[in-house]
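Engineer: The structure under discussion is supplied below as structure tokens; questions concerning it will follow.
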Amino acid sequence: MSAAPPRALTVRVDRTSARYEPGERLEVSFELGLDPAIRPIERVEITVAWRTEGKGTEDVSVVAHERFDPTAATATTAGETKRPCLTVTLPATPLSYDGFLVKVRWFVRARAFANDGDEWSDEAPFELGAVAPWGENKEE
Amino acid sequence: MVKVAQRLWRTLVLPPAERPSLITHLMTAGVGLGLLTLITVPSWFADLRVATSYVPQTCRVVDKRVGGDGTYRPELLLEYHYGGKPYREWSTRPDRVSTSERGESERVIAAYQPPVELPCWVDPSEPKRAVVLRGKTPAPPLFVAGSWLFVAIGARGFYWRRRLRGLSSEAIAALRGAQQRELDAPSSTHPNVPPPKHRPGRELAFRLPAGLGMDEMSLPATLLLTFIMASVALMLGAITLTAKGGITAVTGTFFALVAFLALRFIIDLVQKALVWLGLPPTQVELSHSPVVAGEPFRVLVGQRGSMRLNSLRVTIRCEERVSYREGTDLRTEARTVYEATLFDEVGVVVRFGEPLTLRCEHRLPRGVMHSFKSEHNGVYWVLRCRGDVANYPDFCRDAPLVVLPATQRRGAPYREAQS
């Protein structure tokens with residue numbers, strides 16, 4: 001059995017728990033598993049956003065968006081590989097929510113665009129705040 | 001009206017959700033330009049033809065009128081000679097256009113006091129045609145505005161198509177989001193939380209607008225439906241009675257059904273009107289606005305008037321509301337996800353000069369969802385006062401409030417709802 005090939009693009013948040021509080025800093029990094037000699041990548045875009053899910057029409061709001069030059073990903077400073085990353089101070093609202101009709105989901109997304117028009121994307125969800133799912137709040 | 005204007009303004013200034021299609025905006029701008037051409041070019045050509053082909057003459061204006069058939073245009077009766085022959089003809093502008101604006105035609109002919117000698121232009125190929133009035137008939141302003149609107153929408157599409165070239169959907173959303181936030185509340189520390197609507201209170205700091213509840217909100221709709229159903233019932237009744245052969249089983253049944261519905265709507269309308277007109281407003285005051293989840297706040301509910309309440313229930317509730325398209329219909333759906341009773345009074349008598357006043361302190365759980373509003377989804381909080389009035393229609397009034405998320409505690413979460 002051969003090992004799985006490396007993923008073309010991977011995006012990560014800086015906490016394994018992927019839980020954040022409003023006002024905290026979120027650091028997003030990405031890793032390209034493509035050989036730049038074979039597949040030259042024009043740019044990588046990182047987005048921090050939330051979207052609604054559920055019965056209603058989806059609403060999406062982008063909080064931060066940045067373009068990166070993928071060649072910078074391999075640039076080294078004093079022998080240390082410096083990976084580009086996006087740092088964002090998270091807003092106070094809307095908090096992640098698992099409602100009956102409305103769900104608010106936060107996520108980071110990376111998209112890599114090749115010179116020949118191909119593209120790859122990866123998404124990593126994270127939680128903002130700690131709103132209880134609907135039905136779990138009892139009167140105090 | 002203001003809301004519609006605001007919406008239109010937002011649509012015009014905000015970047016579109018995606019890069020506009022070339023063909024759609026080409027067609028839109030084309031329609032606008034086509035309409036503008038249609039109202040400008042024929043008149044312009046008619047006037048140009050007068051300037052280049054007609055023969056200048058002197059004529060005598062002997063009469064004037066507002067002519068046209070159903071529509072209006074200024075007309076002058078001219079007497080002149082051409083090719084040795086005398087002519088006496090009614091004349092108008094070169095484009096011969098008549099409009100629905102009588103005032104404009106009256107203003108034009110008011111400048112001429114017959115009999116008067118004036119320069120005119122005669123068509124050598126058809127000497128019966130002569131003109132004194134030059135220029136083009138002004139196009140209806142609404143038509144012109146409509147045409148320019150099409151051009152503006154098309155031009156906006158071209159602009160954004162060019163501006164958004166090469167941008168990914170996320171980059172477009174980021175641009176749109178930034179401008180949306182700037183428009184909605186540039187200094188808001190809580191994005192997507194609607195601002196509270198309150199005034200200073202009498203006893204507590206903030207007074208909420210306790211408007212009509214959802215039941216009473218439908219008053220105008222009920223009025224309209226009542227009018228429609230009653231009209232249809234009357235019409236059907238008249239048709240049925242005057243028709244040959246009198247009332248048949250089918251028309252009679254249909255008439256009875258419509259008449260029953262009309263009666264039902266009339267009763268509903270009267271009930272709502274009685275509540276709306278007969279019950280003084282409910283006073284709802286809060287010590288804090290916006291309310292912060294997990295923090296205590298005081299509530300005051302007051303009811304003036306003269307009534308015997310079988311029951312009065314005041315609840316604080318959280319409702320999720322969504323809208324979505326199903327085919328061509330825009331549907332909305334709501335679901336209450338949290339409700340707590342603040343007051344539940346039974347057998348209360350309210351007299352003139354002795355208003356009912358209820359006070360309490362409440363605290364929302366720290367884990368509740370804050371107020372939230374996006375384009376198609378929302379989480380709304382209200383204080384609902386529902387009264388069962390003896391021998392009178394019941395009432396239901398909603399006072400919208402804004403709830404902010406619980407503040408973080410030092411060193412520990414705020415995430416307690418899950419722990």
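By order of appearance in the structure tokens: chains A, B, ..., then residues from 1 within every chain, and ligands from 1 in the order shown.
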Counting only C-alpha atoms, a student should be able to say which residues of chain A come within 10 Å of chain B; what is the right answer, written as a PDB file with C-alpha atoms, in the first residue's frame?

Structural biologist:
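File produced: part.pdb:
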ATOM      1  CA  ARG A  19     -12.077  27.803  19.491  1.00  0.00           C
ATOM      2  CA  GLU A  21     -13.215  34.360  21.747  1.00  0.00           C
ATOM      3  CA  PRO A  22     -14.274  37.715  20.286  1.00  0.00           C
ATOM      4  CA  GLU A  45      -5.905  33.775  -1.330  1.00  0.00           C
ATOM      5  CA  ILE A  46      -6.863  33.383   2.301  1.00  0.00           C
ATOM      6  CA  THR A  47     -10.267  34.343   3.577  1.00  0.00           C
ATOM      7  CA  VAL A  48     -11.700  34.539   7.089  1.00  0.00           C
ATOM      8  CA  ALA A  49     -15.488  34.610   6.907  1.00  0.00           C
ATOM      9  CA  ARG A  51     -21.797  32.054   6.574  1.00  0.00           C
ATOM     10  CA  THR A  52     -25.295  31.130   7.567  1.00  0.00           C
ATOM     11  CA  GLU A  53     -26.647  27.659   7.066  1.00  0.00           C
ATOM     12  CA  GLY A  54     -30.120  26.289   7.420  1.00  0.00           C
ATOM     13  CA  LYS A  55     -33.418  26.901   5.736  1.00  0.00           C
ATOM     14  CA  GLY A  56     -32.837  30.532   4.804  1.00  0.00           C
ATOM     15  CA  THR A  57     -30.865  31.722   1.813  1.00  0.00           C
ATOM     16  CA  GLU A  58     -27.168  31.575   2.651  1.00  0.00           C
ATOM     17  CA  ASP A  59     -25.563  34.841   3.730  1.00  0.00           C
ATOM     18  CA  VAL A  60     -21.785  35.112   3.635  1.00  0.00           C
ATOM     19  CA  SER A  61     -19.672  37.861   5.116  1.00  0.00           C
ATOM     20  CA  VAL A  62     -15.933  38.079   4.612  1.00  0.00           C
ATOM     21  CA  VAL A  63     -14.076  39.576   7.548  1.00  0.00           C
ATOM     22  CA  ALA A  64     -10.559  39.384   6.158  1.00  0.00           C
ATOM     23  CA  HIS A  65      -9.114  38.515   2.796  1.00  0.00           C
ATOM     24  CA  GLU A  66      -5.580  38.590   1.577  1.00  0.00           C
ATOM     25  CA  ARG A  67      -3.584  37.518  -1.474  1.00  0.00           C
ATOM     26  CA  PRO A  91     -14.913  40.711  15.735  1.00  0.00           C
ATOM     27  CA  ALA A  92     -17.310  40.738  18.683  1.00  0.00           C
ATOM     28  CA  THR A  93     -20.168  39.309  16.630  1.00  0.00           C
ATOM     29  CA  PRO A  94     -21.721  37.277  15.138  1.00  0.00           C
ATOM     30  CA  LEU A  95     -20.833  34.334  17.337  1.00  0.00           C
ATOM     31  CA  SER A  96     -20.951  30.756  16.089  1.00  0.00           C
ATOM     32  CA  TYR A  97     -24.469  29.459  16.545  1.00  0.00           C
ATOM     33  CA  ASP A  98     -26.294  26.215  16.012  1.00  0.00           C
ATOM     34  CA  GLY A  99     -29.911  27.282  15.855  1.00  0.00           C
ATOM     35  CA  PHE A 100     -33.052  25.603  14.603  1.00  0.00           C
ATOM     36  CA  LEU A 101     -33.477  27.648  11.417  1.00  0.00           C
ATOM     37  CA  VAL A 102     -30.302  29.724  11.529  1.00  0.00           C
ATOM     38  CA  LYS A 103     -26.747  28.475  11.936  1.00  0.00           C
ATOM     39  CA  VAL A 104     -23.713  30.747  11.895  1.00  0.00           C
ATOM     40  CA  ARG A 109     -10.566  29.185   3.309  1.00  0.00           C
ATOM     41  CA  ALA A 110      -7.510  29.105   1.112  1.00  0.00           C
ATOM     42  CA  ARG A 111      -7.589  29.048  -2.649  1.00  0.00           C
ATOM     43  CA  PHE A 113      -4.751  29.706  -8.473  1.00  0.00           C
ATOM     44  CA  GLY A 129     -17.649  32.490  21.195  1.00  0.00           C
ATOM     45  CA  ALA A 130     -19.739  29.996  23.069  1.00  0.00           C
ATOM     46  CA  VAL A 131     -23.398  30.254  22.301  1.00  0.00           C
ATOM     47  CA  ALA A 132     -25.272  27.163  23.343  1.00  0.00           C
ATOM     48  CA  PRO A 133     -27.169  25.317  20.606  1.00  0.00           C
ATOM     49  CA  TRP A 134     -30.862  26.135  20.481  1.00  0.00           C
ATOM     50  CA  GLY A 135     -32.956  24.388  23.090  1.00  0.00           C
ATOM     51  CA  GLU A 136     -30.069  24.050  25.542  1.00  0.00           C
ATOM     52  CA  ASN A 137     -30.596  27.393  27.266  1.00  0.00           C
ATOM     53  CA  LYS A 138     -32.708  27.116  30.355  1.00  0.00           C
ATOM     54  CA  GLU A 139     -34.199  29.996  32.285  1.00  0.00           C
ATOM     55  CA  GLU A 140     -31.908  31.148  35.105  1.00  0.00           C
TER      56      GLU A 140
END

Engineer: Which of chain A counts as helix (DSSP H, G or I) under DSSP, as a PyMOL selection string please?

Structural biologist: chain A and resi 70-74

Engineer: Would you mind listing what lies within 7 Å of region 85-91 of chain B as number ranges by chain, with only C-alpha atoms counted and same-chain residues fewer than 5 positions away left out?

Structural biologist: B: 75-80, 128, 130-131

Engineer: Please report the interatomic distance between CA of Phe343 (chain B) and CA of Gln271 (chain B) in Å with one decimal.

Structural biologist: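 Those two atoms sit 25.0 Å apart.
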
Engineer: Using DSSP on the backbone coordinates, identify all residues within region 24-129 of chain A classified as strand (DSSP E or B); present the result as a VMD selection string.

Structural biologist: chain A and resid 25 to 32 41 to 54 60 to 68 76 to 77 80 to 81 85 to 89 97 to 98 102 to 114 119 to 128

Engineer: For Thr37 (chain B), which residue out of B:Val151, B:Leu261, B:Leu279, B:Val284 is the nearest one, using only C-alpha atoms?

Structural biologist: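 When distances to Thr37 (chain B) are compared using only C-alpha atoms, the smallest one comes from B:Val151.
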
Engineer: With a distance cut-off of 12 Å and only C-alpha atoms, select the neighbouring residues of Thr92 (chain B), excluding the residue or stretch itself and same-chain residues fewer than 6 positions from it, and output the selection as a VMD selection string.

Structural biologist: chain B and resid 46 to 47 61 64 to 68 72 to 78 98 105 108 to 109 120 to 121 129 to 137

Engineer: Atoms to include: C-alpha atoms. Write the selected residues as an mmCIF file, in the first residue's frame.

Structural biologist:
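Once written, selection-v3.cif looks like this:
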data_model
loop_
_atom_site.group_PDB
_atom_site.id
_atom_site.type_symbol
_atom_site.label_atom_id
_atom_site.label_comp_id
_atom_site.auth_asym_id
_atom_site.auth_seq_id
_atom_site.Cartn_x
_atom_site.Cartn_y
_atom_site.Cartn_z
ATOM 1 C CA ALA B 46 -37.689 66.617 -38.021
ATOM 2 C CA ASP B 47 -36.272 69.942 -36.839
ATOM 3 C CA VAL B 61 -50.962 83.552 -37.133
ATOM 4 C CA LYS B 64 -54.379 79.076 -31.737
ATOM 5 C CA ARG B 65 -55.575 75.975 -29.892
ATOM 6 C CA VAL B 66 -54.474 72.920 -27.934
ATOM 7 C CA GLY B 67 -54.946 70.189 -30.495
ATOM 8 C CA GLY B 68 -54.483 66.438 -30.551
ATOM 9 C CA TYR B 72 -52.271 67.363 -26.533
ATOM 10 C CA ARG B 73 -50.050 69.498 -28.750
ATOM 11 C CA PRO B 74 -49.807 73.228 -29.399
ATOM 12 C CA GLU B 75 -51.373 74.309 -32.721
ATOM 13 C CA LEU B 76 -51.402 77.639 -34.559
ATOM 14 C CA LEU B 77 -53.612 78.529 -37.549
ATOM 15 C CA LEU B 78 -51.355 80.071 -40.229
ATOM 16 C CA SER B 98 -48.679 65.062 -28.914
ATOM 17 C CA SER B 105 -49.115 72.962 -24.812
ATOM 18 C CA VAL B 108 -46.449 77.294 -25.631
ATOM 19 C CA ILE B 109 -49.484 78.857 -27.323
ATOM 20 C CA CYS B 120 -42.395 80.516 -40.768
ATOM 21 C CA TRP B 121 -40.948 77.660 -42.817
ATOM 22 C CA ARG B 129 -47.152 71.967 -44.314
ATOM 23 C CA ALA B 130 -45.640 75.012 -42.622
ATOM 24 C CA VAL B 131 -44.185 75.513 -39.165
ATOM 25 C CA VAL B 132 -43.740 78.418 -36.818
ATOM 26 C CA LEU B 133 -42.969 76.447 -33.682
ATOM 27 C CA ARG B 134 -39.461 75.034 -33.705
ATOM 28 C CA GLY B 135 -37.645 72.682 -31.408
ATOM 29 C CA LYS B 136 -38.710 69.304 -30.069
ATOM 30 C CA THR B 137 -41.603 68.273 -27.905
#

Engineer: Give me, please, the distance in Å between CA of Asp14 (chain A) and CA of Ser29 (chain A), quoted to one decimal.

Structural biologist: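 Distance reported for this atom pair: 7.7 Å.
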
Engineer: Find the residues near Asp116 (chain A): any atom within 12 Å, counting only C-alpha atoms, skip ones fewer than 5 places away on the same chain, and give them as a list in words.

Structural biologist: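 Everything that qualifies: Ile38, Arg39, Pro40, Ile41, Glu42 and Arg43 of chain A.
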
Engineer: What's around Thr28 (chain B) at 12 Å? Count only C-alpha atoms, leave out sequence neighbours fewer than 4 positions away in its own chain, and write the answer as number ranges by chain.

Structural biologist: B: 20-24, 32-35, 146-158

Engineer: Pull C-alpha atoms from the residues just selected and write them as a tab-separated table (two decimals), in the first residue's frame.

Structural biologist:
chain	number	residue	atom	x	y	z
B	20	PRO	CA	-21.84	41.15	-13.51
B	21	SER	CA	-22.48	39.38	-16.78
B	22	LEU	CA	-21.59	41.35	-19.89
B	23	ILE	CA	-24.65	40.40	-21.93
B	24	THR	CA	-27.20	41.35	-19.23
B	32	GLY	CA	-32.04	52.61	-21.99
B	33	LEU	CA	-30.08	54.10	-24.87
B	34	GLY	CA	-32.66	52.80	-27.34
B	35	LEU	CA	-35.48	54.50	-25.46
B	146	GLY	CA	-36.83	55.50	-16.59
B	147	SER	CA	-34.61	55.42	-19.69
B	148	TRP	CA	-31.70	56.97	-17.79
B	149	LEU	CA	-32.23	54.45	-14.98
B	150	PHE	CA	-31.72	51.62	-17.49
B	151	VAL	CA	-28.58	53.34	-18.76
B	152	ALA	CA	-27.33	53.85	-15.18
B	153	ILE	CA	-27.92	50.18	-14.27
B	154	GLY	CA	-26.11	49.08	-17.41
B	155	ALA	CA	-23.23	51.50	-16.79
B	156	ARG	CA	-22.99	50.30	-13.18
B	157	GLY	CA	-22.70	46.73	-14.46
B	158	PHE	CA	-19.89	47.69	-16.84
